[in-house]
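Trainee: Have a look at the structure that comes next, please.
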Amino acid sequence: MTSDIAIVGAGITGLSVAFHLAERGVGSIVVYEREGIGAGASGVQPGGVRQQWSTRLNCLMARDSLAFYSKLGERLRPRVDPGFRPCGYVFVAHESDTLERLRAEVAMQNAAGVPSRLATAEEAAELVPGLRVEGIAGASLCTEDGYFDRPQAVVEAFAEAARLLGVAVVHADVSGVEPVRSGWRLRFADGTGGEASQVIVAASVDTRALLRPIGVDLPIVAEDRWLFFSESIAERLLDPLVIAVDRHFAVKQLADGRLLASDLSATGDAGEASEGWRGRLQQVVVDLLPRLEPRYRRELAHALGHMSLLRLIERVTGERWRPVETSTTGGD
Ligand SMILES: Cc1cc2nc3c(=O)[nH]c(=O)nc-3n(C[C@H](O)[C@H](O)[C@H](O)COP(=O)(O)OP(=O)(O)OC[C@H]3O[C@@H](n4cnc5c(N)ncnc54)[C@H](O)[C@@H]3O)c2cc1C
């Protein structure tokens with residue numbers, strides 16, 4: 001197949017690039033994807049849209065993203081509403097050093113146009129019902145931040161909008177890209193190939209292997225991340241999304257009432273370590289939110305206690321993301 005532009009990878013990066021280029025009418029565009037739309041990390045992510053970052057460049061990109069997402073309905077016309085919830089993000093610092101870092105970041109964020117601010121532990125506890133004030137040095141927050149309740153709908157909307165603008169998404173496992181006189185040649189795993197004047201490689205962790213043979217070595221490495229889903233909780237307990245920086249932990253409540261948490265300290269072999277991860281997760285949530293009214297506390301303990309309903313999602317390097325149902329530990 002021949003096109004003006006070839007894009008490798010139909011994740012959010014490849015599809016967004018395809019859509020924006022097609023909008024500008026830069027010529028024919030083909031996206032080559034070896035598995036399916038959103039088959040990589042874009043298909044299993046927590047849906048967060050935040051502007052509180054620690055570098056100016058990330059903040060500026062996040063500002064632009066938010067501006068785009070606030071007009072998502074008219075720009076992409078998604079078939080399924082992705083359900084953006086501007087619940088706010090609260091970063092809680094337990095250590096004074098961490099609070100100082102948040103203070104410096106808020107100054108940088110404000111200079112980049114991000115409306116974040118510092119808050120005392122008491123202010124944070126007003127926003128997050130039940131938050132334990134003791135031990136918290138302070139917090140930073142941005143009320144414009146939030147998350148998509150159905151983030152997969154965002155990925156599909158980019159694919160559909162790009163298709164409507166004439167972008168072709170083709171099933172092909174790209175095994176190599178190489179410069180030729182007319183532009184670029186792509187080799188596919190089945191022995192066939194394609195050509196394009198320009199190539200954009202948006203293949204996530206596989207980008208490195210595709211580019212290394214042509215002398216470009218990008219420092220992209222795979223890291224496992226785990227998402228924990230609790231049972232559904234009827235009450236809205238967590239409207240701002242909470243990140244406890246010193247606990248390496250983030251939690252939010254989805255529209256269907258489930259808590260979705262991630263724990264950056266959860267590393268190692270899932271088969272051996274998952275019981276320990278879930279125990280720590282329960283402990284961190286219960287330590288953070290001890291002031292909940294007793295009936296909410298009971299509901300929270302119940303939701304977190306039924307571990308058989310927690311679902312881990314594992315990234316296996318070189319393979320697809322796959323869901324792993326873990327065994328029950330039961331009990332409230
Ligand atoms: C709405 C939204 C919200 C998000 N929220 C969060 C969040 O809260 N927290 C967070 O940590 N991250 C979040 N993310 C980011 C997410 O975790 C990933 O970092 C991001 O989706 C990666 O996108 P990607 O396109 O770079 O990679 P991928 O989605 O992995 O896409 C790469 C694609 O390339 C294909 N591919 C690879 N090699 C080849 C090849 N040789 N030939 C053909 N195809 C190939 C793969 O099959 C895959 O489909 C969010 C993303 C979205 C879309």
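Letters for chains follow the order of the structure tokens (A, B, ...), residue numbers begin at 1 for each chain, and ligand numbers begin at 1 in the order shown.
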Could you list, as a VMD selection string, all protein and nucleic acid residues with an atom at most 6 Å from ligand 1, counting only C-alpha atoms and all ligand atoms?
Mentor: chain A and resid 8 to 14 32 to 35 37 to 42 45 to 49 151 154 to 155 172 to 175 202 to 204 206
Trainee: Quick one: write out the picked residues with C-alpha atoms as a tab-separated table (two decimals), in the first residue's frame?
Mentor:
chain	number	residue	atom	x	y	z
A	8	VAL	CA	2.51	2.71	12.93
A	9	GLY	CA	0.17	2.03	15.87
A	10	ALA	CA	-3.52	2.69	16.45
A	11	GLY	CA	-3.27	3.75	20.08
A	12	ILE	CA	-4.26	7.24	21.26
A	13	THR	CA	-0.98	8.71	19.95
A	14	GLY	CA	-1.18	7.29	16.42
A	32	TYR	CA	-0.90	0.28	10.35
A	33	GLU	CA	-1.96	-1.65	13.46
A	34	ARG	CA	-1.00	-5.25	14.22
A	35	GLU	CA	-3.80	-6.07	16.67
A	37	ILE	CA	-7.72	-0.12	17.76
A	38	GLY	CA	-6.75	0.57	21.36
A	39	ALA	CA	-5.17	-2.90	21.69
A	40	GLY	CA	-2.21	-1.51	23.67
A	41	ALA	CA	-2.07	0.68	26.75
A	42	SER	CA	-4.73	3.02	25.32
A	45	GLN	CA	-5.91	3.10	31.23
A	46	PRO	CA	-7.48	4.88	34.17
A	47	GLY	CA	-8.92	7.70	32.04
A	48	GLY	CA	-7.28	10.54	33.96
A	49	VAL	CA	-7.08	14.04	32.48
A	151	PRO	CA	-11.94	6.35	28.24
A	154	VAL	CA	-12.19	8.54	23.45
A	155	VAL	CA	-9.87	6.19	21.57
A	172	ALA	CA	-0.48	-5.14	9.56
A	173	ASP	CA	2.38	-6.12	11.84
A	174	VAL	CA	5.18	-3.77	10.88
A	175	SER	CA	8.52	-5.53	11.23
A	202	ALA	CA	3.64	5.57	17.46
A	203	ALA	CA	4.08	1.96	18.53
A	204	SER	CA	4.61	2.69	22.24
A	206	ASP	CA	7.75	-1.34	20.43
Trainee: Taking 5 positions as the minimum chain separation for residues in the same chain, which residues sit within 12 Å of Thr143 in chain A when counting only C-alpha atoms? Answer as a list in words.
Mentor: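 Near Thr143 in chain A, the qualifying residues are Val49, Arg50, Gln51, Gln52, Arg85, Pro86, Cys87, Gly88, Tyr89, Val90, Phe91, Val114, Pro115, Ser116, Arg117, Leu118, Ala119, Ala124, Leu127, Asp239, Pro240, Leu241 and Val242 of chain A.
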Trainee: Do you have the CA of Asp64 in chain A-CA of Leu254 in chain A distance handy?
Mentor: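 Computed distance, CA of Asp64 in chain A to CA of Leu254 in chain A, equals 24.6 Å.
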Trainee: Near Val106 in chain A, within 10 Å and counting only C-alpha atoms, which residues show up once chain neighbours fewer than 2 positions away are dropped, as a list in words?
Mentor: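 Close residues of Val106 in chain A: Gln52, Trp53, Ser54, Glu100, Arg101, Leu102, Arg103, Ala104, Met108, Gln109, Asn110, Ala111, Ala112, Val114, Pro115, Ser116, Arg117, Leu118, Ser140, Leu141 and Cys142 of chain A.
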Trainee: Save out the residues we just selected, N, CA and C atoms, as an mmCIF file, in the first residue's frame.
Mentor:
data_model
loop_
_atom_site.group_PDB
_atom_site.id
_atom_site.type_symbol
_atom_site.label_atom_id
_atom_site.label_comp_id
_atom_site.auth_asym_id
_atom_site.auth_seq_id
_atom_site.Cartn_x
_atom_site.Cartn_y
_atom_site.Cartn_z
ATOM 1 N N GLN A 52 -1.919 18.985 36.507
ATOM 2 C CA GLN A 52 -0.875 19.156 37.529
ATOM 3 C C GLN A 52 0.286 18.222 37.211
ATOM 4 N N TRP A 53 1.288 18.753 36.523
ATOM 5 C CA TRP A 53 2.476 17.978 36.185
ATOM 6 C C TRP A 53 3.698 18.665 36.763
ATOM 7 N N SER A 54 4.823 17.959 36.665
ATOM 8 C CA SER A 54 6.013 18.525 37.306
ATOM 9 C C SER A 54 6.965 19.177 36.303
ATOM 10 N N GLU A 100 6.925 20.779 49.939
ATOM 11 C CA GLU A 100 7.763 21.812 49.310
ATOM 12 C C GLU A 100 7.842 21.589 47.803
ATOM 13 N N ARG A 101 7.927 20.313 47.405
ATOM 14 C CA ARG A 101 7.953 20.023 45.965
ATOM 15 C C ARG A 101 6.627 20.423 45.316
ATOM 16 N N LEU A 102 5.526 20.130 45.992
ATOM 17 C CA LEU A 102 4.216 20.516 45.442
ATOM 18 C C LEU A 102 4.127 22.037 45.336
ATOM 19 N N ARG A 103 4.694 22.739 46.331
ATOM 20 C CA ARG A 103 4.665 24.211 46.328
ATOM 21 C C ARG A 103 5.393 24.751 45.088
ATOM 22 N N ALA A 104 6.583 24.198 44.829
ATOM 23 C CA ALA A 104 7.361 24.644 43.662
ATOM 24 C C ALA A 104 6.608 24.307 42.377
ATOM 25 N N MET A 108 5.188 26.736 39.244
ATOM 26 C CA MET A 108 5.496 26.483 37.824
ATOM 27 C C MET A 108 4.194 26.268 37.035
ATOM 28 N N GLN A 109 3.256 25.507 37.620
ATOM 29 C CA GLN A 109 1.983 25.226 36.934
ATOM 30 C C GLN A 109 1.210 26.518 36.701
ATOM 31 N N ASN A 110 1.153 27.369 37.731
ATOM 32 C CA ASN A 110 0.420 28.632 37.581
ATOM 33 C C ASN A 110 1.031 29.480 36.469
ATOM 34 N N ALA A 111 2.375 29.491 36.406
ATOM 35 C CA ALA A 111 3.047 30.269 35.349
ATOM 36 C C ALA A 111 2.721 29.714 33.967
ATOM 37 N N ALA A 112 2.399 28.404 33.907
ATOM 38 C CA ALA A 112 2.036 27.785 32.624
ATOM 39 C C ALA A 112 0.530 27.881 32.356
ATOM 40 N N VAL A 114 -1.934 26.833 34.483
ATOM 41 C CA VAL A 114 -2.738 25.799 35.147
ATOM 42 C C VAL A 114 -3.276 26.367 36.473
ATOM 43 N N PRO A 115 -4.599 26.337 36.674
ATOM 44 C CA PRO A 115 -5.166 26.958 37.880
ATOM 45 C C PRO A 115 -5.116 26.052 39.104
ATOM 46 N N SER A 116 -3.928 25.553 39.444
ATOM 47 C CA SER A 116 -3.781 24.717 40.635
ATOM 48 C C SER A 116 -3.482 25.620 41.826
ATOM 49 N N ARG A 117 -3.625 25.073 43.028
ATOM 50 C CA ARG A 117 -3.261 25.865 44.208
ATOM 51 C C ARG A 117 -2.908 24.934 45.355
ATOM 52 N N LEU A 118 -2.236 25.501 46.360
ATOM 53 C CA LEU A 118 -1.927 24.720 47.558
ATOM 54 C C LEU A 118 -3.128 24.760 48.498
ATOM 55 N N SER A 140 -1.995 19.867 47.173
ATOM 56 C CA SER A 140 -2.222 20.783 46.056
ATOM 57 C C SER A 140 -3.426 20.248 45.293
ATOM 58 N N LEU A 141 -4.133 21.151 44.631
ATOM 59 C CA LEU A 141 -5.323 20.687 43.927
ATOM 60 C C LEU A 141 -5.590 21.543 42.701
ATOM 61 N N CYS A 142 -6.309 20.933 41.769
ATOM 62 C CA CYS A 142 -6.779 21.668 40.595
ATOM 63 C C CYS A 142 -8.190 21.152 40.317
#
Trainee: Expressed in Å to a single decimal, how great is the separation between CA of Leu165 in chain A and CA of Ala189 in chain A?
Mentor: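 Calculated distance between CA of Leu165 in chain A and CA of Ala189 in chain A is 28.0 Å.
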Trainee: In terms of the shortest atom-to-atom distance over only C-alpha atoms, which of A:Val30, A:Val284, A:Leu211, A:Ala153 is closest to Thr2 in chain A?
Mentor: A:Val30
Trainee: Mind giving me the straight-line distance from CA of Ile220 in chain A to CA of Val44 in chain A in Å, one decimal?
Mentor: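 Here the two named atoms are 18.9 Å from each other.
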